[in-house]
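Pasting work-v9.cif here (mmCIF, C-alpha atoms):
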data_model
loop_
_atom_site.group_PDB
_atom_site.id
_atom_site.type_symbol
_atom_site.label_atom_id
_atom_site.label_comp_id
_atom_site.auth_asym_id
_atom_site.auth_seq_id
_atom_site.Cartn_x
_atom_site.Cartn_y
_atom_site.Cartn_z
ATOM 1 C CA MET A 68 -2.495 25.626 -25.693
ATOM 2 C CA LYS A 69 0.253 25.578 -23.059
ATOM 3 C CA LYS A 70 -1.908 27.696 -20.760
ATOM 4 C CA LEU A 71 -4.808 25.264 -21.184
ATOM 5 C CA ALA A 72 -2.521 22.323 -20.419
ATOM 6 C CA PHE A 73 -1.299 24.032 -17.268
ATOM 7 C CA VAL A 74 -4.838 24.740 -16.094
ATOM 8 C CA PHE A 75 -5.692 21.079 -16.649
ATOM 9 C CA ALA A 76 -2.638 20.045 -14.636
ATOM 10 C CA VAL A 77 -3.697 22.371 -11.826
ATOM 11 C CA LEU A 78 -7.178 20.847 -11.718
ATOM 12 C CA LEU A 79 -5.769 17.326 -11.892
ATOM 13 C CA MET A 80 -3.316 17.786 -9.070
ATOM 14 C CA ALA A 81 -5.398 20.006 -6.788
ATOM 15 C CA SER A 82 -6.375 17.129 -4.529
ATOM 16 C CA CYS A 83 -2.790 16.016 -3.885
ATOM 17 C CA SER A 84 -2.224 18.388 -0.984
ATOM 18 C CA LYS A 85 -5.079 16.765 0.904
ATOM 19 C CA GLU A 86 -3.263 13.422 0.836
ATOM 20 C CA GLU A 87 0.207 14.583 1.813
ATOM 21 C CA LYS A 88 0.117 12.859 5.186
ATOM 22 C CA THR A 89 -0.878 9.443 3.871
ATOM 23 C CA ALA A 90 0.940 6.363 2.654
ATOM 24 C CA SER A 91 -0.447 4.025 0.013
ATOM 25 C CA VAL A 92 -0.757 0.477 1.349
ATOM 26 C CA GLN A 93 -1.497 -2.699 -0.592
ATOM 27 C CA PHE A 94 -2.285 -6.103 0.869
ATOM 28 C CA ARG A 95 -1.441 -9.067 -1.356
ATOM 29 C CA LEU A 96 -1.919 -12.827 -0.942
ATOM 30 C CA THR A 97 0.531 -15.621 -1.702
ATOM 31 C CA ASP A 98 0.906 -19.210 -0.511
ATOM 32 C CA ALA A 99 3.446 -21.680 0.787
ATOM 33 C CA PRO A 100 2.076 -24.817 -0.926
ATOM 34 C CA GLY A 101 0.480 -27.849 0.679
ATOM 35 C CA SER A 102 -0.196 -31.376 -0.540
ATOM 36 C CA TYR A 103 -3.889 -30.888 -1.358
ATOM 37 C CA ASP A 104 -5.921 -30.574 -4.529
ATOM 38 C CA ALA A 105 -7.234 -27.181 -3.414
ATOM 39 C CA VAL A 106 -7.359 -25.039 -0.269
ATOM 40 C CA LEU A 107 -10.348 -22.695 -0.526
ATOM 41 C CA ILE A 108 -10.343 -19.803 1.924
ATOM 42 C CA ASP A 109 -13.216 -17.333 2.262
ATOM 43 C CA ILE A 110 -11.723 -13.841 2.814
ATOM 44 C CA SER A 111 -14.179 -11.079 3.726
ATOM 45 C CA SER A 112 -12.122 -7.982 4.597
ATOM 46 C CA ILE A 113 -9.064 -6.622 6.368
ATOM 47 C CA GLU A 114 -9.148 -4.448 9.479
ATOM 48 C CA VAL A 115 -6.293 -2.109 10.347
ATOM 49 C CA ILE A 116 -5.456 0.160 13.249
ATOM 50 C CA ALA A 117 -3.204 2.991 12.097
ATOM 51 C CA GLY A 118 -2.525 6.168 14.031
ATOM 52 C CA ASP A 119 -4.865 4.866 16.782
ATOM 53 C CA ALA A 120 -7.809 4.886 14.350
ATOM 54 C CA PRO A 121 -9.577 1.772 12.997
ATOM 55 C CA PHE A 122 -9.955 1.227 9.254
ATOM 56 C CA THR A 123 -11.878 -1.452 7.377
ATOM 57 C CA VAL A 124 -10.179 -2.251 4.092
ATOM 58 C CA ASN A 125 -12.623 -3.509 1.493
ATOM 59 C CA LEU A 126 -11.263 -6.235 -0.747
ATOM 60 C CA VAL A 127 -10.885 -5.913 -4.491
ATOM 61 C CA ARG A 128 -12.776 -9.215 -4.691
ATOM 62 C CA PRO A 129 -14.216 -10.553 -1.425
ATOM 63 C CA GLY A 130 -14.950 -14.252 -1.469
ATOM 64 C CA VAL A 131 -13.223 -17.608 -1.871
ATOM 65 C CA TYR A 132 -9.574 -17.841 -2.925
ATOM 66 C CA ASN A 133 -7.798 -21.094 -3.804
ATOM 67 C CA LEU A 134 -4.464 -20.678 -2.072
ATOM 68 C CA LEU A 135 -2.823 -23.145 -4.438
ATOM 69 C CA ASP A 136 -3.327 -20.662 -7.284
ATOM 70 C CA PHE A 137 -0.716 -18.408 -5.684
ATOM 71 C CA THR A 138 2.387 -20.531 -5.246
ATOM 72 C CA ASN A 139 5.882 -20.294 -6.733
ATOM 73 C CA GLY A 140 6.129 -16.526 -6.478
ATOM 74 C CA ILE A 141 2.613 -15.758 -7.745
ATOM 75 C CA ASP A 142 0.486 -13.400 -5.667
ATOM 76 C CA THR A 143 -2.766 -11.476 -6.036
ATOM 77 C CA LEU A 144 -3.968 -8.073 -4.882
ATOM 78 C CA LEU A 145 -6.430 -8.317 -1.996
ATOM 79 C CA ALA A 146 -6.924 -4.628 -1.218
ATOM 80 C CA ASP A 147 -5.348 -1.197 -1.175
ATOM 81 C CA ILE A 148 -5.940 1.878 0.967
ATOM 82 C CA ASP A 149 -4.388 5.223 1.900
ATOM 83 C CA LEU A 150 -3.457 5.210 5.588
ATOM 84 C CA PRO A 151 -2.210 8.072 7.771
ATOM 85 C CA GLU A 152 1.487 8.512 8.315
ATOM 86 C CA GLY A 153 2.673 6.913 11.531
ATOM 87 C CA ARG A 154 2.438 3.575 13.264
ATOM 88 C CA MET A 155 0.332 0.784 11.790
ATOM 89 C CA ASN A 156 0.050 -1.405 14.845
ATOM 90 C CA GLN A 157 -2.620 -3.983 14.131
ATOM 91 C CA VAL A 158 -3.899 -5.906 11.111
ATOM 92 C CA ARG A 159 -6.684 -8.472 11.212
ATOM 93 C CA LEU A 160 -7.738 -10.748 8.360
ATOM 94 C CA ILE A 161 -11.498 -11.366 8.481
ATOM 95 C CA LEU A 162 -12.592 -14.757 7.148
ATOM 96 C CA GLY A 163 -16.035 -15.908 6.103
ATOM 97 C CA ASN A 164 -17.553 -19.343 6.744
ATOM 98 C CA ASN A 165 -17.148 -20.892 3.296
ATOM 99 C CA ASN A 166 -13.742 -22.551 3.828
ATOM 100 C CA SER A 167 -12.897 -25.999 2.500
ATOM 101 C CA VAL A 168 -10.110 -28.320 1.411
ATOM 102 C CA VAL A 169 -10.097 -30.783 -1.490
ATOM 103 C CA VAL A 170 -8.240 -34.049 -0.826
ATOM 104 C CA ASP A 171 -8.009 -36.768 -3.495
ATOM 105 C CA GLY A 172 -11.000 -35.244 -5.256
ATOM 106 C CA ASP A 173 -13.202 -35.075 -2.153
ATOM 107 C CA THR A 174 -14.216 -31.734 -0.618
ATOM 108 C CA PHE A 175 -14.216 -31.284 3.163
ATOM 109 C CA ALA A 176 -15.516 -28.256 5.053
ATOM 110 C CA LEU A 177 -12.873 -26.619 7.208
ATOM 111 C CA ALA A 178 -13.945 -26.169 10.809
ATOM 112 C CA THR A 179 -12.763 -22.825 12.193
ATOM 113 C CA PRO A 180 -12.183 -22.205 15.936
ATOM 114 C CA SER A 181 -14.661 -19.690 17.365
ATOM 115 C CA ALA A 182 -11.780 -17.513 18.592
ATOM 116 C CA GLN A 183 -11.016 -16.642 14.977
ATOM 117 C CA GLN A 184 -14.438 -15.130 14.305
ATOM 118 C CA SER A 185 -13.163 -11.683 15.320
ATOM 119 C CA GLY A 186 -10.411 -11.963 12.736
ATOM 120 C CA LEU A 187 -6.927 -13.378 12.490
ATOM 121 C CA LYS A 188 -4.489 -11.035 14.176
ATOM 122 C CA LEU A 189 -1.392 -10.749 12.001
ATOM 123 C CA ASN A 190 2.069 -9.904 13.266
ATOM 124 C CA VAL A 191 2.325 -6.515 11.544
ATOM 125 C CA GLN A 192 3.702 -3.399 13.203
ATOM 126 C CA TYR A 193 5.164 -0.840 10.857
ATOM 127 C CA ASP A 194 5.964 2.864 10.700
ATOM 128 C CA LEU A 195 4.415 4.295 7.539
ATOM 129 C CA VAL A 196 6.030 7.286 5.831
ATOM 130 C CA ALA A 197 3.791 9.683 3.926
ATOM 131 C CA GLY A 198 4.313 9.541 0.184
ATOM 132 C CA VAL A 199 5.680 5.990 0.119
ATOM 133 C CA ASN A 200 3.874 3.005 -1.401
ATOM 134 C CA TYR A 201 3.956 -0.227 0.605
ATOM 135 C CA GLN A 202 3.068 -3.808 -0.185
ATOM 136 C CA PHE A 203 2.263 -6.174 2.667
ATOM 137 C CA VAL A 204 2.293 -9.755 1.411
ATOM 138 C CA LEU A 205 0.270 -12.310 3.364
ATOM 139 C CA ASP A 206 2.035 -15.643 2.922
ATOM 140 C CA PHE A 207 -0.677 -18.165 3.872
ATOM 141 C CA ASP A 208 0.989 -21.502 4.606
ATOM 142 C CA ALA A 209 -1.543 -24.029 3.270
ATOM 143 C CA GLY A 210 0.405 -27.077 4.438
ATOM 144 C CA ARG A 211 0.681 -25.950 8.077
ATOM 145 C CA SER A 212 -2.762 -24.335 8.248
ATOM 146 C CA ILE A 213 -4.806 -27.497 7.633
ATOM 147 C CA VAL A 214 -5.028 -29.938 10.554
ATOM 148 C CA ARG A 215 -6.451 -33.459 10.134
ATOM 149 C CA GLN A 216 -8.807 -34.370 12.974
ATOM 150 C CA GLY A 217 -9.368 -37.775 14.532
ATOM 151 C CA ASN A 218 -12.913 -37.983 13.168
ATOM 152 C CA GLY A 219 -11.666 -37.645 9.585
ATOM 153 C CA GLY A 220 -12.532 -33.975 9.280
ATOM 154 C CA TYR A 221 -10.210 -31.004 8.831
ATOM 155 C CA LEU A 222 -9.580 -27.932 10.952
ATOM 156 C CA LEU A 223 -8.402 -24.532 9.710
ATOM 157 C CA LYS A 224 -5.709 -23.053 11.972
ATOM 158 C CA PRO A 225 -4.147 -20.384 9.748
ATOM 159 C CA VAL A 226 -0.392 -19.915 9.763
ATOM 160 C CA ILE A 227 0.369 -16.639 7.980
ATOM 161 C CA ARG A 228 3.718 -14.915 7.562
ATOM 162 C CA VAL A 229 3.623 -11.233 6.586
ATOM 163 C CA PHE A 230 6.450 -9.420 4.844
ATOM 164 C CA THR A 231 6.569 -5.981 3.299
ATOM 165 C CA ASN A 232 8.082 -4.236 0.321
ATOM 166 C CA ALA A 233 8.200 -0.469 0.035
ATOM 167 C CA GLN A 234 7.741 0.150 -3.670
ATOM 168 C CA SER A 235 8.604 3.826 -4.098
ATOM 169 C CA GLY A 236 10.175 6.898 -2.581
ATOM 170 C CA ALA A 237 9.245 10.553 -2.333
ATOM 171 C CA ILE A 238 10.612 14.105 -2.392
ATOM 172 C CA ARG A 239 9.468 16.827 -0.034
ATOM 173 C CA GLY A 240 10.406 20.423 0.628
ATOM 174 C CA HIS A 241 9.216 23.849 1.706
ATOM 175 C CA ALA A 242 8.950 26.621 -0.892
ATOM 176 C CA ARG A 243 9.728 30.002 0.634
ATOM 177 C CA PRO A 244 8.243 32.507 0.945
ATOM 178 C CA ASP A 245 5.041 30.600 1.693
ATOM 179 C CA SER A 246 2.717 30.290 -1.294
ATOM 180 C CA ALA A 247 5.568 31.215 -3.658
ATOM 181 C CA ALA A 248 5.322 27.951 -5.589
ATOM 182 C CA VAL A 249 2.388 27.319 -7.894
ATOM 183 C CA TYR A 250 3.619 23.976 -9.221
ATOM 184 C CA VAL A 251 6.432 21.527 -8.406
ATOM 185 C CA MET A 252 7.720 18.861 -10.775
ATOM 186 C CA ALA A 253 10.181 15.979 -10.493
ATOM 187 C CA ILE A 254 11.542 14.984 -13.887
ATOM 188 C CA ALA A 255 13.449 11.804 -14.779
ATOM 189 C CA GLY A 256 13.948 11.265 -18.499
ATOM 190 C CA THR A 257 10.512 11.364 -20.116
ATOM 191 C CA ASP A 258 8.653 10.865 -16.805
ATOM 192 C CA THR A 259 7.238 13.898 -14.980
ATOM 193 C CA PHE A 260 5.545 13.873 -11.580
ATOM 194 C CA GLY A 261 3.863 17.034 -10.301
ATOM 195 C CA THR A 262 2.014 18.532 -7.367
ATOM 196 C CA ILE A 263 0.547 21.861 -6.235
ATOM 197 C CA PRO A 264 1.686 22.964 -2.762
ATOM 198 C CA PRO A 265 -0.950 24.124 -0.251
ATOM 199 C CA ALA A 266 -0.915 27.621 1.234
ATOM 200 C CA ASP A 267 1.965 26.874 3.602
ATOM 201 C CA GLY A 268 4.316 26.104 0.706
ATOM 202 C CA ARG A 269 5.161 22.571 1.817
ATOM 203 C CA PHE A 270 5.176 20.059 -1.021
ATOM 204 C CA LEU A 271 5.417 16.306 -1.323
ATOM 205 C CA LEU A 272 5.970 14.373 -4.541
ATOM 206 C CA LYS A 273 5.122 10.783 -3.733
ATOM 207 C CA GLY A 274 5.075 7.422 -5.479
ATOM 208 C CA LEU A 275 8.406 8.057 -7.225
ATOM 209 C CA PRO A 276 10.426 5.150 -8.626
ATOM 210 C CA ALA A 277 14.027 5.011 -7.435
ATOM 211 C CA GLY A 278 16.349 7.178 -9.498
ATOM 212 C CA SER A 279 17.752 10.650 -10.036
ATOM 213 C CA TYR A 280 15.398 13.586 -10.613
ATOM 214 C CA ASN A 281 15.531 17.203 -11.615
ATOM 215 C CA VAL A 282 13.110 19.115 -9.392
ATOM 216 C CA VAL A 283 11.560 22.260 -10.871
ATOM 217 C CA VAL A 284 9.711 24.681 -8.598
ATOM 218 C CA GLN A 285 7.577 27.068 -10.607
ATOM 219 C CA GLY A 286 7.055 30.397 -8.857
ATOM 220 C CA GLY A 287 3.999 32.605 -9.138
ATOM 221 C CA GLY A 288 4.006 36.084 -10.601
ATOM 222 C CA SER A 289 7.506 37.322 -11.463
ATOM 223 C CA LEU A 290 9.366 34.789 -9.321
ATOM 224 C CA GLY A 291 10.279 32.516 -12.225
ATOM 225 C CA ASP A 292 11.438 28.923 -11.756
ATOM 226 C CA LEU A 293 13.966 27.198 -9.518
ATOM 227 C CA SER A 294 15.710 23.976 -10.538
ATOM 228 C CA ILE A 295 17.445 21.467 -8.287
ATOM 229 C CA ASN A 296 19.278 18.807 -10.264
ATOM 230 C CA ASN A 297 20.351 15.262 -9.439
ATOM 231 C CA VAL A 298 17.979 14.691 -6.531
ATOM 232 C CA GLY A 299 18.273 11.057 -5.534
ATOM 233 C CA VAL A 300 15.255 8.948 -4.609
ATOM 234 C CA THR A 301 15.525 5.527 -2.984
ATOM 235 C CA ILE A 302 12.777 3.014 -2.297
ATOM 236 C CA GLY A 303 11.114 3.383 1.074
ATOM 237 C CA ASN A 304 12.599 6.805 1.846
ATOM 238 C CA VAL A 305 11.645 10.460 1.527
ATOM 239 C CA THR A 306 14.315 12.824 0.206
ATOM 240 C CA ASP A 307 13.967 16.116 2.079
ATOM 241 C CA LEU A 308 15.057 19.232 0.168
ATOM 242 C CA GLY A 309 14.416 21.443 3.174
ATOM 243 C CA GLU A 310 13.679 25.095 2.357
ATOM 244 C CA VAL A 311 13.641 26.029 -1.301
ATOM 245 C CA SER A 312 13.807 29.818 -1.415
ATOM 246 C CA PHE A 313 13.138 32.199 -4.313
#
Translate this file's structure into structure tokens.
Amino acid sequence: MKKLAFVFAVLLMASCSKEEKTASVQFRLTDAPGSYDAVLIDISSIEVIAGDAPFTVNLVRPGVYNLLDFTNGIDTLLADIDLPEGRMNQVRLILGNNNSVVVDGDTFALATPSAQQSGLKLNVQYDLVAGVNYQFVLDFDAGRSIVRQGNGGYLLKPVIRVFTNAQSGAIRGHARPDSAAVYVMAIAGTDTFGTIPPADGRFLLKGLPAGSYNVVVQGGGSLGDLSINNVGVTIGNVTDLGEVSF
């Protein structure tokens, strides 16, 4: 039974090595409130440039969001994506045309300047670390984003503040000789996180909550196991064990 469980773990974790150079990124939406009945914003997608490559991030639910549903600390998940380690140097929020504001029970279409049709460029430049989970929160200021026009209509000029929270840490190392390790685990209480190193022996255990871990490196053949106790993990950082030699 133990052998079967190990085989299942191997199959489950086999894809991890392919993702070792990526960070998990979430985009969430919240609102600084405004004095309206509703502020309805049509959000289509998010575009990112990371590592000099463009990425289109599909939303969990594209469409119209009432910003006033996400005040007082409430937010909602817009999208998540794995991005390559390195510099994330541009983020654009792509809006649709179905934007409106409700004032005293009356609904008014929000005119949008043509310059915004290519997307709203957000002030986000961040160095992503592989194995760390990030949340970028888009704080859409409803009160400052709606401009009353002289003809009685309303104009949408989005004011968005972006802040980030790294939500996890990671542990990495290099099992020597290469290919010596068949499985690596980080154990904290009843929680176990595992990965299978690729052929070069370099491993990364990512998405770890902050805390202290016992790291167990299982060797192939007659190598046995190695244990490294009290490995500290902090949010937003990768703890590097360096070479772990049998």
Review point. Taking into account all atoms listed in the file, which residue in the set A:Ile254, A:Ile110, A:Leu162, A:Ile295 is nearest to Tyr280 (chain A)?
Key: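 Smallest distance to Tyr280 (chain A) is found for A:Ile254.
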Point to revise | Atom-to-atom span, CA of His241 (chain A) and CA of Leu275 (chain A), Å | key: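 So the answer is 18.2 Å.
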**Study point:** Two-atom distance - CA of Gly278 (chain A), CA of Val229 (chain A) (Å)
**Key:**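 Separating CA of Gly278 (chain A) from CA of Val229 (chain A) is a distance of 27.6 Å.
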As JSON: centre and edge lengths in Å, one decimal, of the axis-aligned box holding region 192-211 of chain A with 4 Å per side:
{"center_x": 2.2, "center_y": -8.7, "center_z": 5.9, "size_x": 15.6, "size_y": 44.8, "size_z": 22.6}
Review point. Can you tell me, as a list in words, what residues are no more than 7 Å from Pro264 (chain A) when counting all atoms listed in the file, ignoring any on the same chain fewer than 6 positions away?
Key: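 Non-adjacent residues within range: Ser84, Ala248, Val249, Tyr250 and Phe270 of chain A.
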Practice item. Pick out the residues sitting within 10 Å of Phe230 (chain A), and hand them over as an MDAnalysis selection string; count all atoms listed in the file, and ignore anything fewer than 5 positions along from it in its own chain. Key: chainID A and resid 190:191 202:206
**Study point:** Picked residues, the PyMOL selection byres ((chain A and resi 290) around 12), as an MDAnalysis selection string
**Key:** chainID A and resid 242:244 246:249 284:289 291:293 312:313
Export of prior selection with C-alpha atoms as a PDB file, in the coordinates of the input:
ATOM      1  CA  ALA A 242       8.950  26.621  -0.892  1.00  0.00           C
ATOM      2  CA  ARG A 243       9.728  30.002   0.634  1.00  0.00           C
ATOM      3  CA  PRO A 244       8.243  32.507   0.945  1.00  0.00           C
ATOM      4  CA  SER A 246       2.717  30.290  -1.294  1.00  0.00           C
ATOM      5  CA  ALA A 247       5.568  31.215  -3.658  1.00  0.00           C
ATOM      6  CA  ALA A 248       5.322  27.951  -5.589  1.00  0.00           C
ATOM      7  CA  VAL A 249       2.388  27.319  -7.894  1.00  0.00           C
ATOM      8  CA  VAL A 284       9.711  24.681  -8.598  1.00  0.00           C
ATOM      9  CA  GLN A 285       7.577  27.068 -10.607  1.00  0.00           C
ATOM     10  CA  GLY A 286       7.055  30.397  -8.857  1.00  0.00           C
ATOM     11  CA  GLY A 287       3.999  32.605  -9.138  1.00  0.00           C
ATOM     12  CA  GLY A 288       4.006  36.084 -10.601  1.00  0.00           C
ATOM     13  CA  SER A 289       7.506  37.322 -11.463  1.00  0.00           C
ATOM     14  CA  GLY A 291      10.279  32.516 -12.225  1.00  0.00           C
ATOM     15  CA  ASP A 292      11.438  28.923 -11.756  1.00  0.00           C
ATOM     16  CA  LEU A 293      13.966  27.198  -9.518  1.00  0.00           C
ATOM     17  CA  SER A 312      13.807  29.818  -1.415  1.00  0.00           C
ATOM     18  CA  PHE A 313      13.138  32.199  -4.313  1.00  0.00           C
TER      19      PHE A 313
END
Practice item. Could you tell me how far CA of Ile108 (chain A) lies from CA of Val127 (chain A), in Å and to one decimal? Key: 15.3 Å
Point to revise | Nearest residue to Ala277 (chain A) from the set A:Val199, A:Leu308, A:Met252, A:Ala178 (distances using only C-alpha atoms) | key: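 That would be A:Val199, the residue with the smallest distance to Ala277 (chain A).
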Exercise for review: Just the residues within 6 Å of Ile161 (chain A), please, counting all atoms listed in the file, with nothing from its chain fewer than 3 positions along; format it as a ChimeraX atom specification.
Suggested key: /A:111-113,186
With C-alpha atoms retained, export the selected residues as a tab-separated table (two decimals), in the frame of the given file.
chain	number	residue	atom	x	y	z
A	111	SER	CA	-14.18	-11.08	3.73
A	112	SER	CA	-12.12	-7.98	4.60
A	113	ILE	CA	-9.06	-6.62	6.37
A	186	GLY	CA	-10.41	-11.96	12.74
